[in-house]
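Peer 1: Following this message is one structure expressed as structure tokens.
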Amino acid sequence: MAGKLNDKLKYATMKVIKLILLTNILIFLSGCNKEENTFLKGNIVGFVRLVDQHGNEVIDKSGVNITIEGLDNSVTSEANGRFELSGVPAGTYNLTFEKTGYGTHKKFSYQFIGGNMPAVLPETELYELPDIEILSLEVTNNKNSITVSVTIPATIEFSVQSFINDSSTVSNLNYDFASNIHGNCCIPVTQFNQNITLDETAYNPGKKVYMAVYFINPKEDYGYYDPESEETVITSYKKASSVIELILE
Amino acid sequence: MRIVKRNNKILVFTFFILLLNGACENKTEYNVLSGQLLGYVSLSDSNYIQNQDKSGIEVIVEGSNPQIKAVTDEEGNFMIDNLKCGTYNLIFNKEGYCQHKIVGYQFVGGSKPTSLNQVRLYWKPNMLIDSLKIANYSDFFSNVLQASAKVSNLPEHSSFYYRYYLSNKSDISYKDYASTDIVYGSSYDKTPSFYLQIDTIKFPVGSKFYMIMYPASEKYQYYTDINTGNKIYTSININKPSDTISSIVPQINGW
């Protein structure tokens, strides 16, 4: 009787063990296969540089937020501008650099391989949005040309851009004509001209057009290339006035 | 009951294997490409003529495990087979030349070889900077300081450089500094004098700053220190610095 019971017990135990071993082997196989197909991972080290609105380098470069589009991976720069993104899987990424008061910079199609040593990004510059007060803004409309007179307080360096379009939605991204003036030092009043030769345009005398005036950080001259919109994006645009309505003469 | 007990032992053993399975996940076998890396290293001597014998330049692949080392042949070529896809630091060494480093080199691999851009090592400059001093600031540009040095052990019929570094901290070196610039030198000038450009954002008026200078054989090559972001210029002799000196940033009066 006791022997039979033992046999039954033995049989049941063996069954359990077999089952455990089987699941064990399955876990073993699936676990290892899954790992074999993972991407190589690694760290990305980079440095940011901050340029204030007068074109000077900012000593404290902390607080820039760096994000990889599509991943939860996000870090903030240290005071010396350093940041390190850890455990990033190999891939091609778009990176975004953000800090309040500065133009947002983007880097497209960064190819990352991963591995034991960190990859190093080229230095990225962020430009402070200009905080220049417009003292007066006057637009005069002569034959075949428009003259814009802007008065600003004395500043070290400045850059002003005006945009014209036949739509009231005119902006730095939506325009037919643009003109830029870049000035240096010590001049308390600046004036610049926006010329439109009507012959070269679809605009006729009597046409209603719209103008918008923007400041740009004077040190930002390239921005970044956005392959999606196929345009070069200047990051530090700051709108200086409301949209001005003009009837061409 | 004894059998059940024995089976318990087997159960324990099975769980032990289960634990090993956990370890398997840590021992990740990445399914990555590997391939061949080809490179060419040249050597530049003090008269700026290329050394014809470019053999024996050591190439270390930092980040490979076990660490890979290659050596160039007479033509300066090196070849590394079966390098795994990954990110590496490449270090180039040869006695009598300045070490150079490429940081964060990303290698993909594949069936065709990858060629590295040409690397050039410059002669190790052995000029001695016996003394260094900062003079009164220049008469013409009041925001520019004038510095001068006494140098010796100059190579003959050659032009070369000195690289100076400025910092707010006394433990200044080629690795830890706030700004740096190059000074031109020649075999015939034993007392070079030059202007120091002071960035008053980094060095406010009235503050103390420190200066150190190294002999240099070239002025552009550097790698980025991934901890500080500083450019580490490589064509200098790190073992032959001047003394560290200090001065005070003068008031800028304009012209």
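Ordering of the structure tokens sets the chain letters (A, B, ...), residue numbers begin anew at 1 in every chain, and ligands are numbered from 1 in the order given.
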Please identify all polymer residues within 12 Å of Gln50 of chain B, counting only C-alpha atoms, omitting same-chain residues fewer than 4 positions from it, and present them as a CSV table (one decimal) with N, CA and C atoms, in the first residue's frame.
Peer 2:
```
chain,number,residue,atom,x,y,z
B,41,VAL,N,48.4,56.9,-41.6
B,41,VAL,CA,48.9,57.8,-40.6
B,41,VAL,C,50.2,58.4,-41.2
B,42,SER,N,50.3,59.7,-41.3
B,42,SER,CA,51.6,60.3,-41.7
B,42,SER,C,52.3,61.0,-40.6
B,43,LEU,N,53.6,61.3,-40.8
B,43,LEU,CA,54.4,61.9,-39.7
B,43,LEU,C,55.0,63.2,-40.2
B,44,SER,N,54.9,64.3,-39.5
B,44,SER,CA,55.4,65.5,-39.9
B,44,SER,C,56.6,65.9,-39.0
B,45,ASP,N,57.7,66.2,-39.6
B,45,ASP,CA,58.9,66.5,-38.8
B,45,ASP,C,59.1,68.0,-38.6
B,46,SER,N,60.1,68.4,-37.9
B,46,SER,CA,60.3,69.8,-37.4
B,46,SER,C,60.5,70.8,-38.6
B,54,LYS,N,57.1,55.6,-42.2
B,54,LYS,CA,55.9,55.8,-41.3
B,54,LYS,C,55.6,54.5,-40.5
B,75,GLU,N,54.6,52.4,-45.1
B,75,GLU,CA,53.8,53.4,-45.9
B,75,GLU,C,52.8,54.2,-44.9
B,76,GLY,N,52.7,53.7,-43.7
B,76,GLY,CA,51.8,54.4,-42.8
B,76,GLY,C,50.4,53.8,-42.7
B,120,ARG,N,47.5,62.7,-39.1
B,120,ARG,CA,48.9,63.2,-39.2
B,120,ARG,C,49.4,63.4,-37.7
B,121,LEU,N,50.5,62.9,-37.4
B,121,LEU,CA,51.2,63.2,-36.1
B,121,LEU,C,52.3,64.2,-36.4
B,122,TYR,N,52.4,65.2,-35.5
B,122,TYR,CA,53.4,66.2,-35.6
B,122,TYR,C,54.5,65.9,-34.6
B,123,TRP,N,55.7,66.4,-35.0
B,123,TRP,CA,56.9,66.2,-34.1
B,123,TRP,C,56.7,66.7,-32.7
```
Peer 1: Taking 3 positions as the minimum chain separation for residues in the same chain, which residues sit within 9 Å of Asn47 of chain B when counting only C-alpha atoms? Answer as a PyMOL selection string.
Peer 2: chain B and resi 44+50+155-159
Peer 1: Can you check which residues of segment 80-222 of chain B DSSP gives as strand (DSSP E or B) on the backbone and send them as a ChimeraX atom specification?
Peer 2: /B:80-84,86-93,97,100-107,114-115,119-123,128-134,144-152,159-167,179-186,193-197,208-216,222
Peer 1: Taking 4 positions as the minimum chain separation for residues in the same chain, which residues sit within 12 Å of Lys202 of chain B when counting only C-alpha atoms? Answer as JSON, numbers by chain.
Peer 2: {"A": [56, 57, 58, 59, 60], "B": [166, 167, 168, 169, 177, 178, 179, 197, 198, 206, 207, 208, 209, 249]}
Peer 1: Between atom CA of Tyr237 of chain A and atom CA of Gly103 of chain A, what is the spacing in Å?
Peer 2: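 Between these atoms lies a distance of 7.5 Å.
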Peer 1: With a distance cut-off of 6 Å and only C-alpha atoms, select the neighbouring residues of segment 234-236 of chain A, excluding the residue or stretch itself and same-chain residues fewer than 3 positions from it, and output the selection as a PyMOL selection string.
Peer 2: chain A and resi 103-104+129+216-217+223
Peer 1: Pick from B:Gln67, B:Asn239, B:Asn89, B:Thr234: nearest to chain A, with only C-alpha atoms counted?
Peer 2: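 Looking only at the distances to chain A, the closest residue turns out to be B:Asn89.
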Peer 1: May I ask which of the residues A:Tyr11, A:Phe39, A:Phe97, A:Tyr110 is the closest one to chain B, counting only C-alpha atoms?
Peer 2: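 Checking each candidate against chain B, we get A:Phe39 as the closest.
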